[in-house]
Structure formats: structure tokens, C-alpha cells
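Colleague: My file is model.txt. It has compact mmCIF, C-alpha atoms and all ligand atoms:
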```txt
# COMPACT_ATOMS: atom_id res chain seq x y z
CA MET T 441 -16.55 -4.21 21.23
CA VAL T 442 -13.95 -1.43 21.24
CA ILE T 443 -10.56 -1.65 22.99
CA GLU T 444 -8.41 1.46 23.43
CA ASP T 445 -5.67 0.07 25.69
CA THR T 446 -2.65 -1.19 23.73
CA LEU T 447 -1.68 -4.10 26.01
CA GLN T 448 -5.27 -5.29 26.23
CA ALA T 449 -5.67 -4.98 22.44
CA SER T 450 -2.50 -6.96 21.86
CA GLU T 451 -3.57 -9.78 24.20
CA ARG T 452 -7.07 -9.92 22.77
CA LEU T 453 -5.73 -10.11 19.22
CA VAL T 454 -3.37 -13.02 19.94
CA GLN T 455 -6.09 -14.79 21.94
CA THR T 456 -8.52 -14.45 19.01
CA LEU T 457 -5.92 -15.77 16.56
CA ARG T 458 -5.35 -18.85 18.75
CA GLN T 459 -9.08 -19.54 19.01
CA HIS T 460 -9.56 -19.60 15.23
CA GLY T 461 -7.96 -21.20 12.22
CA PRO T 462 -5.76 -18.93 10.08
CA MET T 463 -7.43 -15.57 9.41
CA THR T 464 -6.87 -13.34 6.38
CA VAL T 465 -5.17 -9.98 6.94
CA LEU T 466 -5.85 -6.81 4.95
CA THR T 467 -3.32 -4.00 5.41
CA GLY T 468 -3.37 -0.33 4.43
CA ALA T 469 -1.07 2.69 4.60
CA GLY T 470 -1.21 2.84 8.41
CA ILE T 471 1.08 -0.19 8.74
CA SER T 472 3.85 1.48 6.71
CA THR T 473 3.93 4.94 8.28
CA ASP T 474 6.38 3.61 10.90
CA SER T 475 8.66 2.70 7.98
CA GLY T 476 8.72 6.35 6.93
CA ILE T 477 6.14 6.01 4.16
CA PRO T 478 3.50 8.69 4.62
CA ALA T 479 -0.21 7.96 4.25
CA TYR T 480 -2.40 9.62 1.63
CA ARG T 481 -5.18 10.23 4.10
CA ASP T 482 -5.42 11.41 7.67
CA ASP T 483 -7.21 9.62 10.55
CA THR T 484 -10.60 10.71 9.25
CA GLY T 485 -9.95 9.46 5.73
CA ALA T 486 -9.52 12.94 4.20
CA TRP T 487 -6.67 13.66 1.75
CA LYS T 488 -3.61 15.02 3.58
CA SER T 489 -2.65 17.15 0.57
CA SER T 490 -3.84 17.33 -3.03
CA PRO T 491 -5.25 14.02 -4.34
CA PRO T 492 -2.69 11.64 -5.90
CA MET T 493 -2.15 10.96 -9.61
CA GLN T 494 -5.21 9.81 -11.51
CA HIS T 495 -4.87 7.04 -14.09
CA GLN T 496 -6.57 9.00 -16.90
CA GLU T 497 -4.39 12.05 -16.31
CA PHE T 498 -1.21 9.94 -16.41
CA MET T 499 -2.20 8.24 -19.68
CA ARG T 500 -3.56 11.35 -21.41
CA SER T 501 -1.09 14.07 -20.50
CA ALA T 502 2.61 14.10 -21.45
CA ALA T 503 3.06 17.09 -19.12
CA ALA T 504 1.60 15.10 -16.20
CA ARG T 505 4.10 12.30 -16.90
CA GLN T 506 7.00 14.78 -17.06
CA ARG T 507 5.95 16.21 -13.71
CA TYR T 508 5.45 12.73 -12.23
CA TRP T 509 8.89 11.41 -13.27
CA ALA T 510 10.74 14.60 -12.33
CA ARG T 511 9.18 14.43 -8.87
CA SER T 512 9.75 10.68 -8.57
CA LEU T 513 13.51 11.23 -8.83
CA HIS T 514 13.21 12.54 -5.28
CA GLY T 515 10.17 10.66 -4.00
CA TRP T 516 10.82 7.10 -5.09
CA PRO T 517 14.22 6.44 -3.41
CA ARG T 518 12.50 6.91 -0.05
CA LEU T 519 10.11 4.12 -0.96
CA PHE T 520 12.85 1.92 -2.42
CA TYR T 521 15.05 2.14 0.68
CA ALA T 522 12.24 1.83 3.24
CA LYS T 523 12.58 -1.06 5.67
CA PRO T 524 9.78 -3.20 7.13
CA ASN T 525 8.87 -2.31 10.72
CA ILE T 526 7.93 -4.53 13.64
CA ALA T 527 4.32 -4.77 12.46
CA HIS T 528 5.38 -6.27 9.09
CA GLN T 529 7.79 -8.59 10.95
CA THR T 530 5.15 -9.79 13.41
CA LEU T 531 2.76 -10.61 10.55
CA ALA T 532 5.54 -12.57 8.78
CA ASN T 533 6.12 -14.52 12.02
CA TRP T 534 2.43 -15.18 12.52
CA GLN T 535 2.18 -16.38 8.95
CA HIS T 536 5.06 -18.84 9.47
CA GLN T 537 3.38 -20.07 12.67
CA GLY T 538 0.12 -20.63 10.80
CA LEU T 539 -1.80 -18.06 12.88
CA ILE T 540 -2.70 -16.06 9.80
CA GLY T 541 -3.07 -17.01 6.14
CA THR T 542 -3.03 -14.71 3.13
CA ILE T 543 -2.02 -11.06 3.50
CA ILE T 544 -3.97 -8.80 1.15
CA THR T 545 -2.36 -5.36 1.02
CA GLN T 546 -3.50 -2.03 -0.37
CA ASN T 547 0.11 -0.82 -0.12
CA VAL T 548 2.46 -0.76 -3.09
CA ASP T 549 5.71 -0.67 -1.08
CA GLY T 550 6.58 -4.39 -1.04
CA LEU T 551 7.35 -4.27 2.70
CA HIS T 552 5.46 -7.47 3.60
CA GLN T 553 7.61 -9.43 1.15
CA ARG T 554 10.78 -7.74 2.44
CA ALA T 555 9.77 -8.76 5.98
CA GLY T 556 9.67 -12.40 4.81
CA SER T 557 5.97 -12.92 4.19
CA GLY T 558 4.92 -15.23 1.37
CA ASN T 559 1.33 -15.50 0.18
CA VAL T 560 0.84 -11.73 -0.23
CA ILE T 561 -1.70 -10.28 -2.66
CA ASP T 562 -0.62 -6.80 -3.78
CA LEU T 563 -4.13 -5.53 -4.44
CA HIS T 564 -2.96 -2.20 -5.87
CA GLY T 565 0.25 -3.46 -7.49
CA ASP T 566 3.95 -2.90 -6.85
CA ALA T 567 5.49 0.58 -7.06
CA ASN T 568 8.95 -0.94 -7.47
CA MET T 569 8.01 -2.44 -10.85
CA MET T 570 7.16 -0.81 -14.19
CA VAL T 571 4.67 -1.99 -16.79
CA CYS T 572 4.52 -0.94 -20.45
CA MET T 573 0.97 0.16 -21.25
CA GLN T 574 1.40 -1.02 -24.86
CA CYS T 575 3.21 -4.39 -24.78
CA GLY T 576 2.80 -5.29 -21.10
CA ASP T 577 6.54 -5.78 -20.52
CA LYS T 578 7.43 -5.60 -16.82
CA THR T 579 10.77 -4.16 -15.70
CA PRO T 580 12.28 -3.05 -12.38
CA ARG T 581 11.61 0.57 -11.47
CA LEU T 582 15.26 0.99 -10.54
CA GLU T 583 16.03 0.70 -14.26
CA MET T 584 13.51 3.49 -15.05
CA HIS T 585 14.92 5.61 -12.25
CA GLN T 586 18.45 5.25 -13.64
CA ARG T 587 17.28 6.02 -17.21
CA CYS T 588 15.53 9.19 -15.93
CA LEU T 589 18.72 10.28 -14.16
CA ALA T 590 20.86 9.61 -17.26
CA LEU T 591 18.52 11.49 -19.62
CA ASN T 592 18.06 14.44 -17.25
CA PRO T 593 21.45 15.16 -15.65
CA ASN T 594 20.36 18.68 -14.70
CA TYR T 595 17.71 17.19 -12.41
CA SER T 596 19.97 14.76 -10.58
CA ASP T 597 21.48 17.27 -8.14
CA HIS T 598 18.24 19.16 -7.75
CA THR T 599 17.43 18.93 -4.06
CA PRO T 600 13.80 19.03 -3.01
CA PRO T 601 12.63 21.83 -0.71
CA PRO T 602 12.53 20.89 2.98
CA ASN T 603 8.75 20.77 2.97
CA SER T 604 8.56 18.42 -0.03
CA ASP T 605 5.98 15.78 0.64
CA THR T 606 6.67 12.21 -0.50
CA ARG T 607 3.63 10.19 -1.54
CA PRO T 608 3.10 6.50 -0.84
CA ASP T 609 3.56 5.67 -4.55
CA GLY T 610 6.88 7.46 -4.87
CA ASP T 611 5.43 10.70 -6.19
CA ALA T 612 6.52 13.86 -4.39
CA ALA T 613 4.72 17.17 -4.10
CA LEU T 614 7.37 19.30 -5.77
CA GLU T 615 6.33 22.31 -7.83
CA GLY T 616 8.21 23.76 -10.78
CA ASP T 617 8.57 23.74 -14.55
CA PHE T 618 9.23 20.22 -15.79
CA SER T 619 8.60 20.85 -19.51
CA ASP T 620 12.21 20.00 -20.47
CA PHE T 621 12.16 16.67 -18.59
CA GLU T 622 12.79 13.72 -20.91
CA VAL T 623 10.61 10.71 -20.06
CA PRO T 624 12.05 7.33 -21.14
CA ALA T 625 9.78 5.04 -23.17
CA CYS T 626 9.56 1.23 -23.33
CA THR T 627 12.80 -0.12 -24.84
CA ARG T 628 10.88 -2.90 -26.62
CA CYS T 629 8.04 -0.99 -28.27
CA GLY T 630 8.29 2.72 -27.42
CA GLY T 631 5.07 2.60 -25.38
CA ILE T 632 4.24 4.57 -22.24
CA LEU T 633 5.83 3.17 -19.08
CA LYS T 634 3.78 3.34 -15.89
CA PRO T 635 4.57 2.20 -12.35
CA ASP T 636 2.84 -1.19 -11.98
CA VAL T 637 0.26 0.21 -9.58
CA VAL T 638 -3.48 0.70 -9.73
CA TYR T 639 -3.92 4.46 -9.74
CA PHE T 640 -7.01 6.20 -8.48
CA GLY T 641 -9.55 6.07 -11.30
CA ASP T 642 -8.35 2.64 -12.47
CA ASN T 643 -9.72 -0.77 -11.41
CA VAL T 644 -8.02 -3.63 -9.59
CA PRO T 645 -7.71 -6.52 -12.10
CA ARG T 646 -10.64 -8.91 -11.67
CA GLU T 647 -8.56 -12.09 -11.20
CA ARG T 648 -6.63 -10.37 -8.37
CA VAL T 649 -9.89 -9.45 -6.61
CA GLU T 650 -11.21 -12.99 -7.08
CA SER T 651 -8.11 -14.63 -5.61
CA ALA T 652 -8.31 -12.30 -2.59
CA GLN T 653 -12.01 -13.08 -2.15
CA ALA T 654 -11.30 -16.81 -2.36
CA ALA T 655 -8.51 -16.52 0.22
CA LEU T 656 -10.88 -14.76 2.59
CA ARG T 657 -13.70 -17.25 1.97
CA ASN T 658 -11.39 -20.16 2.81
CA SER T 659 -10.08 -18.58 6.00
CA ASP T 660 -11.52 -18.05 9.49
CA GLY T 661 -12.10 -14.29 9.33
CA LEU T 662 -10.54 -10.94 8.53
CA ILE T 663 -8.19 -8.62 10.39
CA VAL T 664 -7.93 -5.15 8.84
CA ILE T 665 -4.80 -3.25 9.86
CA GLY T 666 -4.10 0.43 9.18
CA SER T 667 -6.83 1.16 6.68
CA SER T 668 -9.79 3.53 6.90
CA LEU T 669 -11.43 1.34 4.19
CA ILE T 670 -12.61 4.49 2.41
CA VAL T 671 -11.72 2.96 -0.96
CA PHE T 672 -14.19 0.31 -2.10
CA SER T 673 -11.38 -2.04 -3.23
CA GLY T 674 -10.61 -2.64 0.46
CA TYR T 675 -14.05 -2.11 1.98
CA ARG T 676 -15.56 -4.95 -0.07
CA PHE T 677 -13.53 -7.52 1.94
CA ALA T 678 -14.88 -6.21 5.25
CA ARG T 679 -18.35 -6.48 3.80
CA GLN T 680 -17.68 -10.01 2.52
CA ALA T 681 -16.49 -11.16 5.96
CA HIS T 682 -19.51 -9.57 7.62
CA GLN T 683 -21.96 -11.15 5.17
CA ALA T 684 -20.36 -14.57 5.69
CA GLY T 685 -20.70 -14.23 9.46
CA GLN T 686 -16.91 -14.34 9.91
CA PRO T 687 -15.11 -12.45 12.69
CA LEU T 688 -14.04 -8.97 11.49
CA ILE T 689 -11.31 -7.30 13.53
CA LEU T 690 -10.26 -3.69 12.84
CA LEU T 691 -6.93 -2.39 14.12
CA ASN T 692 -6.82 1.32 13.32
CA LEU T 693 -6.46 4.45 15.44
CA GLY T 694 -9.00 6.41 13.44
CA THR T 695 -12.52 5.60 12.39
CA THR T 696 -13.13 3.30 9.43
CA ARG T 697 -15.93 2.81 6.95
CA ALA T 698 -16.60 -0.66 8.41
CA ASP T 699 -16.81 0.28 12.11
CA ASP T 700 -20.45 -0.79 12.33
CA LEU T 701 -19.67 -4.20 10.76
CA ALA T 702 -16.78 -5.13 13.07
CA THR T 703 -16.91 -7.82 15.76
CA LEU T 704 -13.87 -6.23 17.47
CA ARG T 705 -12.32 -2.78 17.12
CA LEU T 706 -8.81 -2.08 18.38
CA ARG T 707 -8.24 1.68 18.40
CA THR T 708 -4.54 1.46 19.30
CA PRO T 709 -1.19 2.21 17.60
CA ILE T 710 -0.30 -0.53 15.09
CA ALA T 711 3.42 -1.09 15.70
CA GLN T 712 2.99 -1.16 19.51
CA THR T 713 -0.04 -3.46 19.36
CA LEU T 714 1.55 -5.96 16.98
CA GLY T 715 5.04 -5.61 18.41
CA TYR T 716 4.09 -6.27 22.01
CA GLY T 717 6.08 -9.21 23.32
CA PHE T 718 7.83 -9.65 19.95
ZN ZN T 801 6.42 -1.90 -24.57
```
Show the structure stored in the file as C-alpha cells.
Modeller:
Amino acid sequence: MVIEDTLQASERLVQTLRQHGPMTVLTGAGISTDSGIPAYRDDTGAWKSSPPMQHQEFMRSAAARQRYWARSLHGWPRLFYAKPNIAHQTLANWQHQGLIGTIITQNVDGLHQRAGSGNVIDLHGDANMMVCMQCGDKTPRLEMHQRCLALNPNYSDHTPPPNSDTRPDGDAALEGDFSDFEVPACTRCGGILKPDVVYFGDNVPRERVESAQAALRNSDGLIVIGSSLIVFSGYRFARQAHQAGQPLILLNLGTTRADDLATLRLRTPIAQTLGYGF
């Protein structure tokens, strides 16, 4: 069944939640666009601009890291200062009321936690934290940001062009010569510091996948919000729900990879659908 009317979608969603025990929620970039965080992909799942940073490139190339950190000086603050929107707030409320259980998110912006949700699985990590690739030390990204600014004073007042395009992970599409950019290393061991996110080309840690799968198995179904499910790391949960005979609800304006598996498709705007009657 497909619903394209927002009010009807909103009523049907709440009705479904009341008929079942707590369902698991999987969120993607579409839930955060109303918080000013752009999506990587358009409604059809195609890249909006050049593909984002690849894990191998980041680890292998010092020049790629210089470019990444120089661009992040402009891109990351937008992520850091983003506020949850009504969709994040509604999910936090529903969680407190016991209507939904675990929130699995493909986003790395931390907005579910900022909205007051507990029991969130950050499938692809947290862009506001750093991890040392050598010793595993985890530190706040704000610290890295401030070290970058201090080491590269000539970059601090460099304003991005008006068309600069911020990425969901804090990267920004800014071109230029970054060969003199000094990239800070781990203060404990001198290793390479990386945002604590799963980049394209890297795998989600197995224990994180297993805890998400267990949460879904022990719940009454899956609601996917704002994801085209193009990436397998998200699609597998839709498939798991379908195979277990659980209800699978998709709330997304565009098409998704799991459209043919869904028991209910809501093709309506996310914030309006979730925020109705808030
Ligand atoms: Zn280290």
C-alpha cells in the first residue's frame, strides 16, 4: 500500500504504532536535511556531487588528508552546530512513550541523541568524534578542529565560496591547493587521526551490525525513515524484517531499494508527517 497524502500518512503511522509493540526505526540522511545537513544522494539515490571520501584514499594519501582537513574547517562547524528538527523530536517522544524501541541510524550527526533519544545505534559512527587508526584513542572532534586552526592560521579566515557544498560528514567541496596544510597527528602515538565514521569502502563493525539485528529481531517491525536504502548496510535490515514476516514501513519521498518488500509506503515529507499534531 502506498500513501501520498501527508495527513493520511501521519494518521496511518501512529495507528500502526499503537497496534504493535515497539518497532525498530532506521533513519537516513533524509531526516536531517531539515536540520540543514545536506544529503549525499538525491531522490533517486544518485550522488548529488562527486562521491564522498573513500576509506582507502584517506588512509593511503597524505594529500587527501590535507584536503579533507582544510575543507573540514569550513564544513564541520555546520554539522557541529546543527539542531535536531521536529522529526528527531517526535521519535524521541515516541521512544519515551514506548511506541518505538531502538533507533538505528545511518547518519553520523548525533541529532537523535541531541533530541533526547537513548538507545541509538550509530551504524556509521559519529562525525563529532575522532579515532586514532594506530592506538584506537577516541577524542572529541572539536579538539581536532581547534588544533587544525592553531596549526594553520592562514586558513582560519579563509571564507568558502558561496557555492561551497557541505557534506553530511563535515567535508566540504572546496577546491584549491592544500599542500601546505599541517594535519595534526594523535597526541599519544603520532598515528593518523580519522573521524570516527565508517567511510565508503570500509565495513560497519560486526558487533554493531549484530546488536542492530538483535534489536530488530526482538521488536515488532521496522520503520525506515529518510533512506533510499541504496547502501547494503541499511538495506539488510529491510530484508531481515521482510524475511521474518515483520511489518516494514517506508517513509521516504523518493523510491527506495526495498519498495517491493514494504507492507506500507508513505511517500510524504518527513518533518510534516512526523510533526503532525506534535
Ligand atoms: Zn594514537
Colleague: Write out as a Markdown table the residues of chain T that have any atom within 6 Å of an atom of ligand ZN 801 (chain T), one row each with the nearest atom pair and its distance in Å to one decimal, counting only C-alpha atoms and all ligand atoms, sorted by chain and then rising number.
Modeller:
```
| residue | atom | partner | partner_atom | distance |
| --- | --- | --- | --- | --- |
| T:Cys572 | CA | T:ZN801 | ZN | 4.6 |
| T:Gln574 | CA | T:ZN801 | ZN | 5.1 |
| T:Cys575 | CA | T:ZN801 | ZN | 4.1 |
| T:Asp577 | CA | T:ZN801 | ZN | 5.6 |
| T:Cys626 | CA | T:ZN801 | ZN | 4.6 |
| T:Arg628 | CA | T:ZN801 | ZN | 5.0 |
| T:Cys629 | CA | T:ZN801 | ZN | 4.1 |
| T:Gly630 | CA | T:ZN801 | ZN | 5.7 |
| T:Gly631 | CA | T:ZN801 | ZN | 4.8 |
```
Colleague: Output C-alpha atoms of each residue in that selection to a file, as a PDB file, keeping the file's coordinate frame.
Modeller:
```
ATOM      1  CA  CYS T 572       4.520  -0.940 -20.450  1.00  0.00           C
ATOM      2  CA  GLN T 574       1.400  -1.020 -24.860  1.00  0.00           C
ATOM      3  CA  CYS T 575       3.210  -4.390 -24.780  1.00  0.00           C
ATOM      4  CA  ASP T 577       6.540  -5.780 -20.520  1.00  0.00           C
ATOM      5  CA  CYS T 626       9.560   1.230 -23.330  1.00  0.00           C
ATOM      6  CA  ARG T 628      10.880  -2.900 -26.620  1.00  0.00           C
ATOM      7  CA  CYS T 629       8.040  -0.990 -28.270  1.00  0.00           C
ATOM      8  CA  GLY T 630       8.290   2.720 -27.420  1.00  0.00           C
ATOM      9  CA  GLY T 631       5.070   2.600 -25.380  1.00  0.00           C
TER      10      GLY T 631
END
```
Colleague: Have a look at atom CA of Ser673 of chain T and atom CA of Pro687 of chain T and let me know their distance in Å, one decimal.
Modeller: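 So the answer is 19.4 Å.
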Colleague: What's the 7 Å shell around segment 447-461 of chain T, counting all atoms listed in the file, without same-chain residues fewer than 2 positions away, as number ranges by chain?
Modeller: T: 443, 445, 463, 539, 660, 706, 713-714, 716
Colleague: Between T:Leu531, T:Ala652, T:Met441, T:Val671, which has the minimum distance to Ala702 of chain T (counting all atoms listed in the file)?
Modeller: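 Using all atoms listed in the file, Ala702 of chain T sits closest to T:Met441.
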Colleague: If I take atom CA of Ile543 of chain T and atom CA of Val560 of chain T, how far is one from the other in Å, to one decimal?
Modeller: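 Separation between atom CA of Ile543 of chain T and atom CA of Val560 of chain T: 4.7 Å.
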